[in-house]
Structure formats: structure tokens, C-alpha cells
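The next block is upload_3.cif, given as mmCIF, C-alpha atoms and all ligand atoms.
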data_data
loop_
_atom_site.label_atom_id
_atom_site.label_comp_id
_atom_site.auth_asym_id
_atom_site.auth_seq_id
_atom_site.Cartn_x
_atom_site.Cartn_y
_atom_site.Cartn_z
CA MET C 231 23.70 -11.00 3.40
CA GLN C 232 23.01 -13.02 6.54
CA LEU C 233 19.95 -12.79 8.75
CA HIS C 234 20.89 -13.29 12.39
CA ILE C 235 17.88 -14.52 14.33
CA LEU C 236 18.15 -13.07 17.81
CA THR C 237 14.67 -13.80 19.12
CA ASP C 238 12.38 -16.82 19.36
CA PRO C 239 9.85 -17.51 16.61
CA ALA C 240 6.31 -16.27 17.26
CA THR C 241 4.00 -18.94 18.67
CA THR C 242 0.67 -17.26 19.42
CA PRO C 243 -2.01 -16.08 17.00
CA LEU C 244 -2.88 -12.41 17.58
CA GLY C 245 -6.04 -10.41 17.06
CA LEU C 246 -8.48 -13.08 18.21
CA ASP C 247 -9.97 -11.38 21.28
CA VAL C 248 -10.50 -7.93 19.79
CA ASP C 249 -10.85 -7.13 16.07
CA PRO C 250 -7.29 -6.15 15.08
CA GLY C 251 -8.49 -3.46 12.64
CA PHE C 252 -5.47 -1.84 11.03
CA GLY C 253 -2.24 -0.46 12.39
CA GLU C 254 -1.98 -1.52 16.02
CA CYS C 255 -1.64 -5.26 16.43
CA PHE C 256 2.10 -5.69 15.88
CA THR C 257 3.94 -9.02 15.86
CA PRO C 258 6.65 -9.37 18.54
CA GLY C 259 9.63 -9.38 16.17
CA MET C 260 11.18 -6.98 13.67
CA ILE C 261 14.08 -7.01 11.25
CA LEU C 262 16.74 -4.32 11.41
CA ARG C 263 19.47 -3.76 8.84
CA ASP C 264 21.96 -0.91 8.74
CA TYR C 265 23.66 0.74 5.81
CA GLU C 266 27.05 2.03 6.79
CA PRO C 267 28.98 4.68 4.87
CA GLY C 268 31.61 3.05 2.66
CA LEU C 269 30.51 -0.46 3.66
CA GLY C 270 27.00 -0.68 2.26
CA TRP C 271 24.15 -2.84 3.59
CA GLN C 272 25.22 -4.96 6.55
CA ASP C 273 23.83 -8.27 7.82
CA ALA C 274 20.23 -8.15 9.01
CA ARG C 275 18.98 -9.02 12.52
CA LEU C 276 15.59 -10.37 13.58
CA VAL C 277 15.11 -8.95 17.06
CA PRO C 278 12.28 -8.25 19.53
CA ARG C 279 10.21 -5.24 18.45
CA ALA C 280 11.31 -2.25 20.53
CA PRO C 281 11.76 1.52 20.20
CA LEU C 282 14.78 2.63 18.18
CA SER C 283 17.43 5.01 19.33
CA ILE C 284 17.88 7.75 16.74
CA ASP C 285 20.03 10.88 16.62
CA PRO C 286 17.75 13.92 17.01
CA ALA C 287 19.61 15.47 14.05
CA ALA C 288 18.82 12.47 11.78
CA VAL C 289 18.25 13.43 8.15
CA ALA C 290 14.93 11.54 8.07
CA LEU C 291 13.52 13.63 10.92
CA HIS C 292 14.52 16.99 9.46
CA TYR C 293 14.39 16.51 5.70
CA GLY C 294 12.04 13.54 5.30
CA GLN C 295 14.46 11.14 3.63
CA SER C 296 12.30 8.12 4.36
CA ILE C 297 10.55 5.54 2.19
CA PHE C 298 8.32 2.57 2.91
CA GLU C 299 6.24 -0.23 1.47
CA GLY C 300 3.03 -2.04 2.37
CA MET C 301 2.44 -5.69 1.55
CA LYS C 302 0.55 -8.67 2.94
CA ALA C 303 1.02 -12.36 3.69
CA TYR C 304 -2.05 -14.59 3.84
CA ARG C 305 -2.87 -17.99 5.23
CA ASP C 306 -4.28 -20.05 2.39
CA THR C 307 -7.01 -22.66 2.75
CA ARG C 308 -4.33 -25.32 3.43
CA GLY C 309 -2.99 -23.23 6.31
CA GLU C 310 0.20 -22.25 4.47
CA LEU C 311 1.64 -18.74 4.53
CA VAL C 312 1.83 -17.06 1.15
CA LEU C 313 3.05 -13.65 0.04
CA PHE C 314 1.43 -11.79 -2.82
CA ARG C 315 3.85 -10.41 -5.44
CA PRO C 316 6.64 -9.49 -2.97
CA GLU C 317 9.11 -8.78 -5.80
CA ALA C 318 6.79 -6.03 -7.02
CA ASN C 319 7.08 -4.31 -3.63
CA ALA C 320 10.86 -4.82 -3.70
CA GLU C 321 11.05 -3.21 -7.14
CA ARG C 322 8.85 -0.30 -6.11
CA MET C 323 10.96 0.26 -2.99
CA THR C 324 14.02 0.40 -5.27
CA LEU C 325 12.33 3.08 -7.38
CA SER C 326 11.36 5.03 -4.26
CA ALA C 327 14.95 4.77 -2.98
CA GLU C 328 16.38 6.04 -6.25
CA ARG C 329 13.96 9.00 -6.31
CA MET C 330 14.96 9.92 -2.76
CA ALA C 331 18.73 9.54 -3.39
CA MET C 332 18.93 6.50 -1.09
CA PRO C 333 20.75 3.17 -1.57
CA PRO C 334 18.21 0.47 -2.49
CA ILE C 335 18.25 -3.00 -0.97
CA PRO C 336 18.70 -5.48 -3.84
CA VAL C 337 15.35 -6.99 -4.87
CA ALA C 338 16.44 -10.58 -4.14
CA GLU C 339 17.68 -9.66 -0.65
CA PHE C 340 14.52 -7.72 0.17
CA THR C 341 12.39 -10.67 -0.93
CA GLU C 342 14.45 -13.15 1.10
CA LEU C 343 14.16 -10.99 4.21
CA VAL C 344 10.40 -10.72 3.84
CA LYS C 345 9.99 -14.47 3.33
CA ALA C 346 12.17 -15.26 6.33
CA PHE C 347 10.29 -12.74 8.49
CA VAL C 348 6.91 -14.21 7.56
CA ALA C 349 8.12 -17.73 8.28
CA HIS C 350 9.43 -16.62 11.69
CA GLN C 351 6.49 -14.42 12.74
CA GLY C 352 3.75 -16.21 10.82
CA ALA C 353 2.31 -18.03 13.83
CA CYS C 354 0.82 -14.66 14.81
CA LEU C 355 -1.60 -15.04 11.89
CA SER C 356 -4.61 -17.15 12.88
CA ASP C 357 -6.69 -19.02 10.33
CA ASP C 358 -9.45 -16.38 10.54
CA PRO C 359 -9.96 -15.74 6.81
CA SER C 360 -10.57 -12.02 7.38
CA HIS C 361 -7.06 -11.56 8.84
CA ALA C 362 -3.73 -10.99 7.09
CA LEU C 363 -0.17 -10.35 8.14
CA TYR C 364 0.62 -6.83 6.91
CA LEU C 365 4.30 -6.06 6.40
CA ARG C 366 5.74 -2.59 6.66
CA PRO C 367 9.32 -2.21 5.41
CA ILE C 368 10.81 1.25 5.87
CA THR C 369 14.22 2.78 5.16
CA PHE C 370 15.32 6.15 6.48
CA GLY C 371 18.41 8.34 6.65
CA THR C 372 20.08 8.35 10.04
CA ASP C 373 23.04 10.74 9.64
CA GLY C 374 23.08 13.06 12.62
CA VAL C 375 24.42 16.01 10.62
CA LEU C 376 22.26 19.02 9.86
CA GLY C 377 22.20 20.64 6.41
CA VAL C 378 20.11 19.41 3.49
CA HIS C 379 22.00 16.42 2.06
CA PRO C 380 21.42 12.73 1.31
CA SER C 381 22.27 10.74 4.41
CA LYS C 382 25.35 8.55 4.34
CA ALA C 383 23.90 6.05 6.83
CA TYR C 384 20.48 4.36 6.76
CA THR C 385 18.39 1.94 8.75
CA PHE C 386 15.97 -0.55 7.25
CA VAL C 387 13.19 -1.85 9.51
CA LEU C 388 10.63 -4.52 8.74
CA LEU C 389 7.56 -4.58 10.98
CA GLY C 390 4.64 -6.98 10.90
CA MET C 391 1.09 -6.57 12.14
CA ILE C 392 -2.12 -8.53 12.06
CA VAL C 393 -4.87 -6.66 10.23
CA SER C 394 -8.52 -7.16 9.37
CA SER C 395 -10.30 -4.40 7.46
CA TYR C 396 -8.71 -1.02 6.77
CA PHE C 397 -11.96 0.90 7.01
CA LYS C 398 -13.97 0.57 10.19
CA LYS C 399 -17.31 0.96 8.42
CA GLY C 400 -17.49 -2.65 7.16
CA SER C 401 -18.93 -3.09 3.70
CA LYS C 402 -20.65 0.32 3.53
CA GLY C 403 -19.31 2.25 0.53
CA LEU C 404 -16.78 5.05 0.94
CA ARG C 405 -17.65 8.70 0.83
CA LEU C 406 -14.84 10.63 -0.92
CA ARG C 407 -14.24 14.36 -0.81
CA VAL C 408 -12.74 15.58 -4.07
CA GLU C 409 -10.08 18.06 -2.95
CA ASP C 410 -10.39 21.48 -4.61
CA GLN C 411 -7.67 23.46 -2.85
CA TYR C 412 -4.61 21.33 -2.13
CA VAL C 413 -2.75 18.93 -4.44
CA ARG C 414 -0.96 15.69 -3.66
CA ALA C 415 1.67 15.55 -6.39
CA VAL C 416 3.11 17.57 -9.27
CA LYS C 417 4.85 16.53 -12.45
CA GLY C 418 8.53 16.15 -11.64
CA GLY C 419 7.75 15.75 -7.93
CA THR C 420 7.72 12.68 -5.70
CA GLY C 421 4.13 11.44 -6.15
CA ALA C 422 5.22 8.14 -7.71
CA ALA C 423 7.56 7.36 -4.79
CA LYS C 424 6.31 5.85 -1.56
CA THR C 425 7.98 8.49 0.55
CA ALA C 426 6.86 9.87 3.89
CA GLY C 427 6.47 13.48 2.75
CA ASN C 428 3.68 12.63 0.32
CA TYR C 429 1.61 11.36 3.20
CA ALA C 430 2.49 14.26 5.50
CA ALA C 431 1.38 16.66 2.77
CA SER C 432 -1.99 14.92 2.53
CA LEU C 433 -2.94 15.11 6.20
CA LEU C 434 -4.59 18.53 6.25
CA ALA C 435 -6.83 17.68 3.29
CA GLN C 436 -7.64 14.34 4.91
CA ARG C 437 -8.68 16.16 8.08
CA LYS C 438 -10.93 18.45 6.03
CA ALA C 439 -12.46 15.41 4.37
CA VAL C 440 -13.24 13.81 7.72
CA GLU C 441 -14.72 17.08 8.98
CA ALA C 442 -17.00 17.02 5.91
CA GLY C 443 -18.19 13.53 6.89
CA CYS C 444 -16.02 11.80 4.27
CA ASP C 445 -13.66 8.85 4.60
CA GLN C 446 -10.91 9.86 2.21
CA VAL C 447 -9.66 12.50 -0.19
CA LEU C 448 -9.85 12.01 -3.94
CA TRP C 449 -6.99 14.02 -5.49
CA LEU C 450 -7.10 15.90 -8.77
CA ASP C 451 -4.11 16.72 -10.97
CA ALA C 452 -2.15 19.78 -9.89
CA GLN C 453 -1.95 21.49 -13.29
CA HIS C 454 -5.52 21.57 -14.55
CA ARG C 455 -7.38 20.61 -11.35
CA GLU C 456 -9.52 18.58 -13.67
CA TYR C 457 -8.31 14.98 -13.89
CA ILE C 458 -8.76 12.31 -11.23
CA GLU C 459 -5.46 10.99 -9.89
CA GLU C 460 -5.83 8.74 -6.84
CA LEU C 461 -6.74 8.64 -3.15
CA GLY C 462 -4.31 9.26 -0.30
CA GLY C 463 -3.33 5.59 -0.07
CA MET C 464 -5.24 3.87 -2.88
CA ASN C 465 -5.63 3.98 -6.64
CA CYS C 466 -8.94 4.81 -8.26
CA PHE C 467 -11.02 2.94 -10.84
CA THR C 468 -14.36 3.71 -12.43
CA VAL C 469 -16.66 1.80 -14.75
CA LEU C 470 -17.90 4.01 -17.59
CA ASP C 471 -20.19 2.52 -20.23
CA GLY C 472 -19.06 -0.94 -19.10
CA THR C 473 -15.32 -0.16 -19.51
CA LEU C 474 -12.99 -0.28 -16.52
CA VAL C 475 -11.08 3.03 -16.56
CA THR C 476 -8.18 4.15 -14.39
CA PRO C 477 -5.80 7.11 -14.74
CA PRO C 478 -2.49 6.34 -16.45
CA LEU C 479 0.70 6.02 -14.40
CA GLY C 480 3.18 8.85 -14.49
CA ASP C 481 5.25 10.66 -11.92
CA THR C 482 2.23 11.86 -9.94
CA ILE C 483 0.55 8.53 -9.15
CA LEU C 484 1.82 5.63 -7.07
CA ALA C 485 2.00 2.52 -9.25
CA GLY C 486 -0.25 0.32 -7.12
CA ILE C 487 0.40 -3.40 -7.23
CA THR C 488 -3.31 -4.01 -6.69
CA ARG C 489 -4.02 -1.65 -9.61
CA ASP C 490 -1.69 -3.61 -11.88
CA THR C 491 -3.14 -6.92 -10.66
CA LEU C 492 -6.74 -5.84 -11.29
CA LEU C 493 -5.97 -4.57 -14.78
CA ALA C 494 -4.39 -7.96 -15.58
CA LEU C 495 -7.33 -9.85 -14.06
CA ALA C 496 -9.90 -7.71 -15.89
CA ARG C 497 -8.13 -8.26 -19.22
CA HIS C 498 -8.01 -11.98 -18.51
CA LEU C 499 -11.75 -11.95 -17.77
CA GLY C 500 -12.53 -10.08 -21.00
CA ILE C 501 -13.57 -6.84 -19.28
CA PRO C 502 -12.62 -3.85 -21.49
CA THR C 503 -10.00 -1.67 -19.78
CA GLU C 504 -8.58 1.79 -20.43
CA GLU C 505 -5.72 3.63 -18.77
CA ARG C 506 -6.36 7.22 -19.76
CA PRO C 507 -6.73 10.70 -18.28
CA LEU C 508 -10.04 10.68 -16.46
CA PRO C 509 -11.78 14.06 -16.13
CA LEU C 510 -13.76 14.45 -12.91
CA SER C 511 -16.54 16.07 -14.95
CA GLU C 512 -16.89 12.90 -17.06
CA VAL C 513 -17.32 10.76 -13.96
CA LEU C 514 -19.77 13.16 -12.29
CA ASP C 515 -21.82 13.71 -15.46
CA GLY C 516 -21.79 9.93 -15.90
CA ILE C 517 -23.23 9.45 -12.42
CA SER C 518 -26.10 11.79 -13.28
CA SER C 519 -26.71 10.18 -16.69
CA GLY C 520 -26.18 6.57 -15.57
CA ARG C 521 -22.99 6.04 -17.65
CA THR C 522 -20.80 5.82 -14.53
CA THR C 523 -21.88 2.65 -12.80
CA GLU C 524 -18.99 2.06 -10.39
CA VAL C 525 -16.17 3.88 -8.63
CA PHE C 526 -13.80 1.96 -6.39
CA ALA C 527 -10.50 2.35 -4.57
CA THR C 528 -7.78 -0.29 -4.63
CA GLY C 529 -4.73 -1.03 -2.52
CA THR C 530 -3.03 -3.67 -0.42
CA ALA C 531 -4.51 -2.34 2.82
CA ALA C 532 -8.05 -1.64 1.58
CA VAL C 533 -8.15 -4.37 -1.14
CA ILE C 534 -11.13 -3.10 -3.20
CA SER C 535 -13.45 -0.62 -1.53
CA SER C 536 -16.51 0.57 -3.41
CA VAL C 537 -17.30 4.24 -3.37
CA ALA C 538 -20.86 5.19 -2.45
CA GLU C 539 -20.59 8.97 -2.75
CA LEU C 540 -18.35 11.63 -4.26
CA VAL C 541 -18.51 15.09 -2.71
CA TRP C 542 -17.39 17.91 -5.00
CA LYS C 543 -17.60 21.52 -3.81
CA GLY C 544 -20.33 20.61 -1.33
CA GLU C 545 -22.49 18.68 -3.78
CA THR C 546 -22.94 14.93 -3.27
CA PHE C 547 -23.03 12.51 -6.20
CA ARG C 548 -24.36 9.06 -5.26
CA LEU C 549 -23.26 5.89 -7.02
CA PRO C 550 -25.37 2.74 -7.47
CA ASP C 551 -25.26 0.37 -4.47
CA ALA C 552 -24.47 -2.69 -6.57
CA GLN C 553 -21.01 -2.57 -8.14
CA PRO C 554 -20.73 -5.91 -9.95
CA ILE C 555 -17.30 -5.47 -11.55
CA ALA C 556 -15.70 -4.40 -8.25
CA THR C 557 -17.40 -7.33 -6.51
CA MET C 558 -16.25 -9.84 -9.11
CA LEU C 559 -12.65 -8.56 -9.18
CA LYS C 560 -12.49 -8.60 -5.39
CA ALA C 561 -13.71 -12.20 -5.27
CA LYS C 562 -11.10 -13.21 -7.87
CA LEU C 563 -8.26 -11.39 -6.16
CA THR C 564 -8.98 -12.59 -2.64
CA GLY C 565 -9.63 -16.09 -4.02
CA ILE C 566 -6.14 -16.19 -5.54
CA GLN C 567 -4.61 -14.85 -2.33
CA LYS C 568 -6.40 -17.46 -0.21
CA GLY C 569 -5.77 -20.32 -2.63
CA THR C 570 -9.40 -20.94 -3.65
CA GLU C 571 -8.78 -19.63 -7.19
CA PRO C 572 -5.91 -20.88 -9.36
CA ASP C 573 -2.80 -18.70 -9.33
CA THR C 574 -2.36 -18.77 -13.09
CA MET C 575 -0.17 -15.64 -13.17
CA HIS C 576 2.21 -16.99 -10.49
CA TRP C 577 1.66 -14.15 -8.07
CA LEU C 578 2.03 -16.20 -4.87
CA THR C 579 5.31 -16.96 -3.09
CA HIS C 580 5.52 -19.29 -0.12
CA ALA C 581 7.13 -17.96 3.03
CA GLN C 582 10.21 -20.00 3.91
CA PRO C 583 12.80 -19.91 6.64
CA THR C 584 15.42 -19.87 3.78
CA ALA C 585 19.14 -20.33 4.12
CA LEU C 586 19.66 -16.85 5.52
CA VAL C 587 19.91 -17.74 9.18
C1 LIG G 601 -0.67 6.81 -2.58
C2 LIG G 601 -0.98 5.37 -2.78
N1 LIG G 601 -1.62 5.01 -3.91
C3 LIG G 601 -1.93 3.73 -4.16
C4 LIG G 601 -1.61 2.73 -3.27
C5 LIG G 601 -1.97 1.30 -3.57
O1 LIG G 601 -0.81 0.56 -3.84
P1 LIG G 601 -0.81 -1.02 -3.64
O2 LIG G 601 -1.91 -1.55 -4.47
O3 LIG G 601 0.53 -1.45 -4.12
O4 LIG G 601 -1.01 -1.27 -2.20
C6 LIG G 601 -0.96 3.06 -2.07
C7 LIG G 601 -0.58 2.02 -1.11
O5 LIG G 601 0.56 1.61 -1.10
C8 LIG G 601 -0.63 4.41 -1.84
O6 LIG G 601 -0.01 4.78 -0.71
#

Spit out the file's structure as C-alpha cells when you get a sec.
Amino acid sequence: MQLHILTDPATTPLGLDVDPGFGECFTPGMILRDYEPGLGWQDARLVPRAPLSIDPAAVALHYGQSIFEGMKAYRDTRGELVLFRPEANAERMTLSAERMAMPPIPVAEFTELVKAFVAHQGACLSDDPSHALYLRPITFGTDGVLGVHPSKAYTFVLLGMIVSSYFKKGSKGLRLRVEDQYVRAVKGGTGAAKTAGNYAASLLAQRKAVEAGCDQVLWLDAQHREYIEELGGMNCFTVLDGTLVTPPLGDTILAGITRDTLLALARHLGIPTEERPLPLSEVLDGISSGRTTEVFATGTAAVISSVAELVWKGETFRLPDAQPIATMLKAKLTGIQKGTEPDTMHWLTHAQPTALV
């Protein structure tokens, strides 16, 4: 694989005049790479960000054959650009591709592309410690032939954007609406893949949550409607009797890289952890009795966001304001990402121009 650089490197930090928030402050470049039938993945191009031309019959538009990832690069205290566990995103994108009958990009090539992109576009990231360079790789089927089938041709796109916090409400805790009608994922379905349809299917429930004055949906399992699964774009943790508990992975939950990282950090810090089915009733009863001391959501975009309230069938359950385990894990995680804590688990990778050019 070659990466042909067809645009100038970024030179200007973005997001300094207006808070960049999340999702709008794109860097000027993007990577494109095509998969051609019979030929496989072609050379990649780093080009100016611009609209794509796509056949209106494209498989992705009609049948949702589309997968993506979300990852971040940071500027550490020495001013260097570092990526956090990019191979884990590459591996998860491979799993998503396999589930959606798509050709994966080899992990090493994906990682090289991401490193090269960050090196080229990294000047967009200022040294404001609340900012990060969020990377959004996506692959989708482009065959312009109708009829439900796996596409023969694909396009990979890598976008970058400068982000600050995911939630606009600052450090105020989240209010989650536990969904009692719709489900996000079923056993044997696509819940463990990062595929577009999972997010499309969550939008109506998310709208209901917002209408109820909540920030996000907390999903229950589809079979029993009893066990906590995750949020729409984040995994869920609770602290019960001093133990950090999170639902086990399976084919209905996205295997969050933040989730995995926090479990490893907690074990390293001597915090008891459990991955086990987590009944909603246990968490709610625990809030009333004082056994449940923390609930928090975790993900690349939102990092660790404490939950202030759970709303279940109209009733609000309020969590304690102070959530010491969430606060400590967040400080550790962001410290490693920014280089103020030692990276003992070797999670950081430096962005480099590499030999791909
Ligand atoms: C459904 C879902 N769950 C959990 C996560 C958290 O995953 P990660 O920690 O890898 O960002 C995400 C974000 O990618 C997600 O979309």
C-alpha cells in the first residue's frame, strides 16, 4: 500500500475562536482508499476534504452496508502527537467488516494510515489540553446495483476533526432514560459491530429520551428486558458495594476500548472488578439502599461521564454527586493520554509521517 499525498499538510490550529464541541470542526484533509472488485484495496490518497460522488443505487445507501470507528489523537505535555491504542480500533473495524460481509483493511495498513494522517493534519490540534483530534474511519459498499447483496466495491474514508467535550453540559452528570419499549441489539444480531444501522435504529429512542429531559438512552437486553447493556454510544459501569461492575461482552454490546482500558486500570489499581449480567433492579434498588454509589458511561468521545440520574418508567433515581472511582479512573486515563502518567501498558503510539508517502 502507498499513501499518495495530494494536498499540503495542515498548518493552522482549529477550534480556538469558538469551542469546537463535537462533530463539526473538521480538518482540511481526508484519506480515501478504494476497494476494487478482483483487485482488492488500492493505494490510498490524502486529499482535500470535499463531498464524495456516490451512485444513488449504492449498497450502503439502500442496505446499510457501512461500518466505522472512532478514535482520538492527543497532544502530550511535550507537544507531541500520540494515538491511543490505534491497533484496537483497527482490530474492531476488522470484526465489524467481517460481520457485515465486507473486506477488512489489514490492521497494520489501517494503523499506518491513521499515523500518517495524524502527522499530516496534526497541526490543526492546538495545545489546548481540553482538545483532541478525533478520527473517524468509515468503509461502505459502493456498488450501484440494486438487490440485497454484499457490495463488490468499497470506499474507505478517514476524516479528522478537532473536538472538546462530547456533552454540552460540562461536568454536570448525565440523565439517562432507561428504554422500556425498543431494543438496541439482539443475540445473533449486529450489536457488537460498529455498523451504521445500529445507530439508525437507536434514533427514535434517543429522541424520546431528549423529549423526557434526558441526555441519552440506557438500553436493556432484548430477551428479558431486565439486564443493563450499554448506552447508544458508550459502555456502562456501576460501583456496587465498592466493586466496579460492567455487563459482559457478547454479541449485543460493542466492545469499547475505553471499557477494556478502564477494567485493566482498575485491576492494576486494586479496585475489585466484575464483568457479569447486571440487572437494572439491582442498580435501582442499590441507589435506594446506598449500595450503588456510582454509575458512569465510557467511550472515546465522552471519556468517562458520570451519571446523575436514571429515569425508569417515569421515576427518577438520583445518584450521589461525588463519584470517586469514576473521577480517579478518568484522571489516570487522561493522564496517560496526555503523558503526565506513565504509559506502563504501552497504549500510546506516536504519529509519524512513515514511509508510506
Ligand atoms: C455503541 C457503543 N458502545 C460503546 C462505545 C465505546 O467504545 P470506545 O470506548 O471504543 O469508544 C461506542 C463508541 O465507539 C459505541 O458506539

| task | Might you pull out every residue within 12 Å of Ala346 of chain C, with only C-alpha atoms counted and same-chain residues fewer than 6 positions away left off, and present them as a list in words? | result | Gln232, Leu233, His234, Ile235, Pro239, Gly259, Met260, Ile261, Ala274, Arg275, Leu276, Ala303, Leu311, Val312, Leu313, Glu339, Phe340, Gly352, Leu388, Thr579, His580, Ala581, Gln582, Pro583, Thr584, Ala585, Leu586 and Val587 of chain C

| task | Step by step, measure atom-to-atom distances between ligand LIG 601 (chain G) and each residue using only C-alpha atoms and all ligand atoms, keep those at most 9 Å, then write them as JSON, numbers by chain. | result | {"C": [298, 299, 300, 301, 318, 319, 322, 414, 421, 422, 423, 424, 425, 428, 429, 460, 461, 462, 463, 464, 465, 466, 483, 484, 485, 486, 487, 488, 489, 490, 491, 527, 528, 529, 530, 531, 532, 533]}

| remark: Min atom-atom distance to Ile368 of chain C from the set C:Pro334, C:Pro316, C:Pro278, C:Gly251, counting all atoms listed in the file, belongs to C:Pro334

| field | d(atom CA of Ala288 of chain C, atom CA of Ala431 of chain C) in Å | value | 20.1 Å

| field | Distance query Ser519 of chain C at most 12 Å, only C-alpha atoms, self and fewer than 2 positions along chain excluded, as JSON, numbers by chain | value | {"C": [470, 471, 511, 512, 513, 514, 515, 516, 517, 521, 522, 523, 547, 548, 549, 550]}

| Which of these, C:Leu578, C:Leu510, C:Leu479, C:Leu540, has the shortest distance to Lys345 of chain C once you count all atoms listed in the file? | C:Leu578
